[in-house]
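Here's the structure we're looking at; comments come further down.
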Amino acid sequence: MLRDITIGQYYKTDSILHKLDPRVKLFGTLVFLVTLFMSNNVVSYVLAALFVAVVIKLSNVPLKFIFRGLKSIVFILLFSVAFTLFFMDGERILFEFGIIRISVEGLIKSLEIMVRLILMIIGTSIITLTTTPNDIADGLEKAFGFLKVIKVPVHEIAMMVSIAFRFIPILLEETDKIIKAQSARGANFDEGGFIQKAKGMVPIIVPLLVSSIRRALDLATAMEARCYRGGEGRTKMKPLKYKTADYVTYVVYALYFAVFVAIKVLM
């Protein structure tokens, strides 16, 4: 299960998406999420799915790698769909038993939630798969730099986001090592009831917590040794600059949003 979590992982390859400015990809993700939550008919969801399919094709990231990330949210996905399907009120009842009630409206809404969650996870994971943590931090800092006027610590927030993305795969790898080490010592995490399994997680959580604190302290020491004092007066080795492809991509976003709004109005 841990290997199936792709959030925060960067897939290194040569593609159009990898070469785009991180601000363009951040803006595109925002536009996609807005249109996804505005969707209310089949045509709009098909348009969103086509948009994701084109983005995946342009990213050159294998489909197997992208869909692998869905395994980590199967429980959340099933819970959301089942809760909506069994407990949503509707006029056209298909099945009823006690508090459980399946209606046509509930069935449609549960399918809508399932499609929306799948597209949201895939769409948002593309940005981390095609953008390094440093580029994401630089893009966030540059895009929200205007907030510095009202004393918002944009650089520090972007730095924290970058560090968080960097730590996700590291902590997953550390957790996997701890599980294998404890299993080699005879630990069994699959037997017993819920309480027994919860107690069995203690030998994993404690070493992981200690390791995380140690890594955080080492990182803080390394940053202090390099005289890190925040974003004031800092310069960039690779300053962000828009290219022709970035402007073209903004036009594509505008066309996608315009088509989506037109479909929503007409449908």
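Ligands are numbered from 1 in the order shown, chains are lettered A, B, ... in the order of the structure tokens, and residues start at 1 in each chain.
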
Subject >> All residues 9 Å or closer to range 135-139 of chain A, only C-alpha atoms, same chain fewer than 6 positions away omitted, as number ranges by chain >> reply: A: 21-26, 127-128, 155, 157-163, 236, 239-240

Okay, now the selection with N, CA and C atoms, as a short mmCIF file (atom, residue, chain, number, x, y, z; two decimals), in the first residue's frame?
data_model
loop_
_atom_site.label_atom_id
_atom_site.label_comp_id
_atom_site.auth_asym_id
_atom_site.auth_seq_id
_atom_site.Cartn_x
_atom_site.Cartn_y
_atom_site.Cartn_z
N ASP A 21 6.48 26.31 -17.15
CA ASP A 21 6.69 27.08 -15.92
C ASP A 21 5.77 26.53 -14.83
N PRO A 22 6.27 26.37 -13.61
CA PRO A 22 5.43 25.82 -12.52
C PRO A 22 4.19 26.67 -12.24
N ARG A 23 4.27 27.98 -12.49
CA ARG A 23 3.10 28.84 -12.28
C ARG A 23 1.98 28.47 -13.25
N VAL A 24 2.34 28.08 -14.46
CA VAL A 24 1.35 27.66 -15.45
C VAL A 24 0.64 26.40 -14.99
N LYS A 25 1.41 25.46 -14.44
CA LYS A 25 0.82 24.20 -13.98
C LYS A 25 -0.03 24.41 -12.73
N LEU A 26 0.40 25.30 -11.85
CA LEU A 26 -0.41 25.61 -10.66
C LEU A 26 -1.74 26.24 -11.07
N ILE A 127 0.66 17.49 -11.27
CA ILE A 127 1.57 18.61 -11.00
C ILE A 127 2.78 18.18 -10.19
N THR A 128 2.61 17.25 -9.24
CA THR A 128 3.76 16.78 -8.47
C THR A 128 4.60 15.78 -9.26
N HIS A 155 7.46 33.44 1.07
CA HIS A 155 8.63 32.58 0.89
C HIS A 155 8.65 31.45 1.91
N ILE A 157 6.13 30.12 3.54
CA ILE A 157 5.06 29.16 3.27
C ILE A 157 5.45 28.25 2.10
N ALA A 158 6.01 28.85 1.04
CA ALA A 158 6.44 28.05 -0.11
C ALA A 158 7.54 27.07 0.29
N MET A 159 8.43 27.51 1.16
CA MET A 159 9.50 26.63 1.64
C MET A 159 8.92 25.44 2.42
N MET A 160 7.94 25.72 3.26
CA MET A 160 7.31 24.63 4.03
C MET A 160 6.62 23.63 3.12
N VAL A 161 5.95 24.13 2.07
CA VAL A 161 5.30 23.24 1.11
C VAL A 161 6.33 22.37 0.40
N SER A 162 7.44 22.99 0.01
CA SER A 162 8.50 22.25 -0.66
C SER A 162 9.09 21.16 0.24
N ILE A 163 9.35 21.50 1.49
CA ILE A 163 9.90 20.53 2.44
C ILE A 163 8.91 19.39 2.68
N LYS A 236 17.56 33.98 -6.97
CA LYS A 236 17.33 32.65 -7.54
C LYS A 236 18.42 32.31 -8.53
N PRO A 239 15.91 31.95 -12.16
CA PRO A 239 14.67 32.74 -12.05
C PRO A 239 13.63 32.29 -13.07
N LEU A 240 12.37 32.31 -12.66
CA LEU A 240 11.29 31.87 -13.53
C LEU A 240 10.99 32.92 -14.60
#

**OP:** Considering only C-alpha atoms, return as a PyMOL selection string whatever protein or nucleic-acid residues lie within 8 Å of Phe87 in chain A, sequence-local ones (same chain, fewer than 2 positions apart) excluded.
**Re:** chain A and resi 83-85+89+99-102+106

**OP:** Could you give me, as a list of chain:residue names, each residue of range 86-150 of chain A that DSSP assigns to strand (DSSP E or B) when run on this structure's backbone?
**Re:**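 Strand (DSSP E or B) assignments inside range 86-150 of chain A correspond to A:Ile93, A:Leu94, A:Phe95, A:Glu96, A:Phe97, A:Ile100, A:Arg101, A:Ile102, A:Ser103.
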
Next, write the just-selected residues to a file, as a compact mmCIF listing (two decimals), in the first residue's frame, keeping N, CA and C atoms as the atom set.
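So again27.txt came out as:
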# COMPACT_ATOMS: atom_id res chain seq x y z
N ILE A 93 -37.39 5.48 -5.45
CA ILE A 93 -36.75 4.49 -4.60
C ILE A 93 -36.57 3.17 -5.35
N LEU A 94 -35.37 2.64 -5.33
CA LEU A 94 -35.08 1.35 -5.96
C LEU A 94 -35.07 0.21 -4.94
N PHE A 95 -34.59 0.51 -3.73
CA PHE A 95 -34.51 -0.51 -2.68
C PHE A 95 -34.55 0.18 -1.32
N GLU A 96 -35.24 -0.42 -0.37
CA GLU A 96 -35.34 0.16 0.96
C GLU A 96 -35.39 -0.94 2.00
N PHE A 97 -34.51 -0.81 3.02
CA PHE A 97 -34.48 -1.77 4.12
C PHE A 97 -33.99 -1.04 5.36
N ILE A 100 -31.48 2.03 5.40
CA ILE A 100 -30.82 1.98 4.10
C ILE A 100 -31.84 2.21 3.00
N ARG A 101 -31.56 3.17 2.15
CA ARG A 101 -32.47 3.50 1.07
C ARG A 101 -31.67 3.84 -0.18
N ILE A 102 -31.90 3.07 -1.23
CA ILE A 102 -31.22 3.31 -2.51
C ILE A 102 -32.22 3.91 -3.48
N SER A 103 -31.90 5.07 -3.97
CA SER A 103 -32.76 5.76 -4.92
C SER A 103 -32.00 6.05 -6.21

**OP:** May I ask which of the residues A:Ala143, A:Ala216, A:Ile121, A:Val104 is the closest one to Lys241 in chain A, counting only C-alpha atoms?
**Re:**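 Nearest to Lys241 in chain A: A:Ala143.
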
Original post:
Any idea what the distance is between CA of Asp14 in chain A and CA of Val54 in chain A?
Top reply: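 Interatomic distance here is 16.0 Å.
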
Original post:
To one decimal place, how far is CA of Pro153 in chain A from CA of Ser211 in chain A in Å?
Top reply: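 Calculated distance between CA of Pro153 in chain A and CA of Ser211 in chain A is 28.4 Å.
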
Subject >> Long-range neighbours of Pro207 in chain A as an MDAnalysis selection string, 12 Å cut-off, only C-alpha atoms, 3 positions minimum in chain >> reply: chainID A and resid 171 174:179 181:182 201:204 210:214

Hey, can you spit out that residue selection with C-alpha atoms as a PDB file, in the first residue's frame?
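What follows is the written file again.pdb:
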ATOM      1  CA  LEU A 171       8.853   9.019   5.217  1.00  0.00           C
ATOM      2  CA  GLU A 174      11.330   4.913   6.082  1.00  0.00           C
ATOM      3  CA  THR A 175       7.976   3.380   7.069  1.00  0.00           C
ATOM      4  CA  ASP A 176       8.479   0.532   4.616  1.00  0.00           C
ATOM      5  CA  LYS A 177      11.927  -0.183   6.075  1.00  0.00           C
ATOM      6  CA  ILE A 178      10.551  -0.181   9.637  1.00  0.00           C
ATOM      7  CA  ILE A 179       7.716  -2.561   8.704  1.00  0.00           C
ATOM      8  CA  ALA A 181      12.522  -4.775  10.042  1.00  0.00           C
ATOM      9  CA  GLN A 182       9.713  -5.452  12.537  1.00  0.00           C
ATOM     10  CA  MET A 201       1.166  -0.140  14.941  1.00  0.00           C
ATOM     11  CA  VAL A 202       3.068   1.149  18.000  1.00  0.00           C
ATOM     12  CA  PRO A 203       6.381  -0.507  16.968  1.00  0.00           C
ATOM     13  CA  ILE A 204       6.031   1.337  13.639  1.00  0.00           C
ATOM     14  CA  VAL A 210      11.827   9.474  16.306  1.00  0.00           C
ATOM     15  CA  SER A 211      13.273   9.266  12.791  1.00  0.00           C
ATOM     16  CA  SER A 212      11.097  12.167  11.597  1.00  0.00           C
ATOM     17  CA  ILE A 213      12.186  14.396  14.479  1.00  0.00           C
ATOM     18  CA  ARG A 214      15.826  13.499  13.858  1.00  0.00           C
TER      19      ARG A 214
END

Original post:
as a PyMOL selection string, which residues of range 1-234 of chain A does DSSP assign to alpha helix (DSSP H)?
Top reply: chain A and resi 16-19+22-38+42-59+63-68+74-87+104-130+133-143+154-184+194-200+202-225

Save out the residues we just selected, C-alpha atoms, as a short mmCIF file (atom, residue, chain, number, x, y, z; two decimals), in the first residue's frame.
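Wrote out_38.cif, looks like this:
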data_model
loop_
_atom_site.label_atom_id
_atom_site.label_comp_id
_atom_site.auth_asym_id
_atom_site.auth_seq_id
_atom_site.Cartn_x
_atom_site.Cartn_y
_atom_site.Cartn_z
CA ILE A 16 6.13 19.25 -22.69
CA LEU A 17 4.57 19.40 -19.23
CA HIS A 18 7.91 18.99 -17.46
CA LYS A 19 9.29 22.01 -19.33
CA PRO A 22 5.43 25.82 -12.52
CA ARG A 23 3.10 28.84 -12.28
CA VAL A 24 1.35 27.66 -15.45
CA LYS A 25 0.82 24.20 -13.98
CA LEU A 26 -0.41 25.61 -10.66
CA PHE A 27 -2.90 27.83 -12.48
CA GLY A 28 -4.00 24.93 -14.69
CA THR A 29 -4.61 22.74 -11.65
CA LEU A 30 -6.70 25.50 -10.08
CA VAL A 31 -8.76 25.94 -13.27
CA PHE A 32 -9.31 22.19 -13.51
CA LEU A 33 -10.48 21.90 -9.89
CA VAL A 34 -12.87 24.84 -10.31
CA THR A 35 -14.43 23.34 -13.44
CA LEU A 36 -14.56 19.89 -11.84
CA PHE A 37 -16.61 21.13 -8.90
CA MET A 38 -18.82 23.13 -11.28
CA VAL A 42 -22.37 14.00 -18.21
CA VAL A 43 -20.97 16.25 -20.95
CA SER A 44 -18.99 18.38 -18.48
CA TYR A 45 -17.49 15.30 -16.83
CA VAL A 46 -16.57 13.88 -20.24
CA LEU A 47 -14.85 17.19 -21.08
CA ALA A 48 -12.92 17.10 -17.78
CA ALA A 49 -11.92 13.47 -18.42
CA LEU A 50 -10.71 14.35 -21.93
CA PHE A 51 -8.71 17.25 -20.51
CA VAL A 52 -7.04 14.90 -18.00
CA ALA A 53 -6.37 12.32 -20.72
CA VAL A 54 -4.64 14.91 -22.92
CA VAL A 55 -2.56 16.14 -19.96
CA ILE A 56 -1.49 12.57 -19.12
CA LYS A 57 -0.51 11.98 -22.75
CA LEU A 58 1.58 15.16 -22.81
CA SER A 59 3.26 14.32 -19.48
CA LEU A 63 -0.65 5.26 -16.92
CA LYS A 64 0.23 2.42 -14.55
CA PHE A 65 2.20 4.82 -12.37
CA ILE A 66 -0.59 7.42 -12.33
CA PHE A 67 -3.44 5.01 -11.56
CA ARG A 68 -1.35 3.32 -8.89
CA VAL A 74 -9.84 3.15 -2.33
CA PHE A 75 -11.26 3.11 1.22
CA ILE A 76 -12.16 6.82 1.15
CA LEU A 77 -13.64 6.41 -2.32
CA LEU A 78 -15.76 3.39 -1.37
CA PHE A 79 -16.90 4.99 1.89
CA SER A 80 -18.00 8.20 0.16
CA VAL A 81 -19.81 6.34 -2.61
CA ALA A 82 -21.50 3.86 -0.25
CA PHE A 83 -22.61 6.56 2.21
CA THR A 84 -24.18 8.60 -0.59
CA LEU A 85 -25.74 5.55 -2.25
CA PHE A 86 -27.34 4.07 0.89
CA PHE A 87 -28.40 7.16 2.81
CA VAL A 104 -32.09 6.76 -8.50
CA GLU A 105 -30.94 10.17 -7.29
CA GLY A 106 -28.57 8.56 -4.77
CA LEU A 107 -27.16 6.24 -7.43
CA ILE A 108 -26.51 9.14 -9.81
CA LYS A 109 -24.95 11.25 -7.05
CA SER A 110 -22.69 8.40 -5.87
CA LEU A 111 -21.43 7.85 -9.43
CA GLU A 112 -20.84 11.60 -9.72
CA ILE A 113 -18.82 11.63 -6.49
CA MET A 114 -16.76 8.63 -7.63
CA VAL A 115 -15.91 10.22 -10.99
CA ARG A 116 -15.15 13.58 -9.36
CA LEU A 117 -12.80 12.07 -6.76
CA ILE A 118 -10.94 9.96 -9.33
CA LEU A 119 -10.46 12.90 -11.69
CA MET A 120 -9.45 15.19 -8.81
CA ILE A 121 -6.76 12.80 -7.52
CA ILE A 122 -5.37 12.12 -11.00
CA GLY A 123 -5.52 15.78 -12.03
CA THR A 124 -3.78 17.10 -8.92
CA SER A 125 -1.13 14.35 -8.90
CA ILE A 126 0.05 15.40 -12.37
CA ILE A 127 1.57 18.61 -11.00
CA THR A 128 3.76 16.78 -8.47
CA LEU A 129 4.69 14.08 -10.99
CA THR A 130 5.89 16.67 -13.52
CA PRO A 133 9.51 20.34 -5.10
CA ASN A 134 11.92 23.25 -5.67
CA ASP A 135 10.01 24.36 -8.77
CA ILE A 136 6.70 24.11 -6.93
CA ALA A 137 8.08 26.29 -4.13
CA ASP A 138 9.45 28.83 -6.63
CA GLY A 139 6.15 28.86 -8.51
CA LEU A 140 4.12 29.42 -5.35
CA GLU A 141 6.43 32.18 -4.17
CA LYS A 142 6.36 33.93 -7.53
CA ALA A 143 2.61 33.51 -8.08
CA VAL A 154 5.07 33.89 1.10
CA HIS A 155 8.63 32.58 0.89
CA GLU A 156 8.39 30.75 4.21
CA ILE A 157 5.06 29.16 3.27
CA ALA A 158 6.44 28.05 -0.11
CA MET A 159 9.50 26.63 1.64
CA MET A 160 7.31 24.63 4.03
CA VAL A 161 5.30 23.24 1.11
CA SER A 162 8.50 22.25 -0.66
CA ILE A 163 9.90 20.53 2.44
CA ALA A 164 6.58 18.71 2.99
CA PHE A 165 6.62 17.35 -0.58
CA ARG A 166 10.22 16.25 -0.14
CA PHE A 167 9.48 14.46 3.14
CA ILE A 168 6.49 12.45 1.86
CA PRO A 169 8.47 9.88 -0.22
CA ILE A 170 11.26 9.84 2.38
CA LEU A 171 8.85 9.02 5.22
CA LEU A 172 7.08 6.40 3.10
CA GLU A 173 10.40 4.72 2.38
CA GLU A 174 11.33 4.91 6.08
CA THR A 175 7.98 3.38 7.07
CA ASP A 176 8.48 0.53 4.62
CA LYS A 177 11.93 -0.18 6.08
CA ILE A 178 10.55 -0.18 9.64
CA ILE A 179 7.72 -2.56 8.70
CA LYS A 180 10.15 -4.98 7.06
CA ALA A 181 12.52 -4.77 10.04
CA GLN A 182 9.71 -5.45 12.54
CA SER A 183 8.34 -8.28 10.39
CA ALA A 184 11.81 -9.88 10.30
CA PHE A 194 -9.09 -3.68 15.37
CA ILE A 195 -7.65 -2.96 18.83
CA GLN A 196 -4.95 -5.59 18.41
CA LYS A 197 -3.97 -4.16 15.01
CA ALA A 198 -3.90 -0.65 16.48
CA LYS A 199 -1.53 -1.85 19.23
CA GLY A 200 0.59 -3.53 16.58
CA VAL A 202 3.07 1.15 18.00
CA PRO A 203 6.38 -0.51 16.97
CA ILE A 204 6.03 1.34 13.64
CA ILE A 205 4.83 4.74 14.81
CA VAL A 206 7.41 5.24 17.59
CA PRO A 207 10.54 4.64 15.45
CA LEU A 208 8.99 6.62 12.59
CA LEU A 209 8.28 9.56 14.91
CA VAL A 210 11.83 9.47 16.31
CA SER A 211 13.27 9.27 12.79
CA SER A 212 11.10 12.17 11.60
CA ILE A 213 12.19 14.40 14.48
CA ARG A 214 15.83 13.50 13.86
CA ARG A 215 15.51 14.33 10.15
CA ALA A 216 13.79 17.63 10.95
CA LEU A 217 16.55 18.61 13.40
CA ASP A 218 19.26 17.65 10.89
CA LEU A 219 17.52 19.73 8.22
CA ALA A 220 17.24 22.73 10.55
CA THR A 221 20.94 22.43 11.45
CA ALA A 222 21.91 22.21 7.78
CA MET A 223 19.83 25.30 6.93
CA GLU A 224 21.35 27.28 9.80
CA ALA A 225 24.87 26.19 8.79
#

**OP:** Find the distance between CA of Val152 in chain A and CA of Arg234 in chain A and write it in Å to one decimal.
**Re:**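 Computed distance, CA of Val152 in chain A to CA of Arg234 in chain A, equals 16.4 Å.
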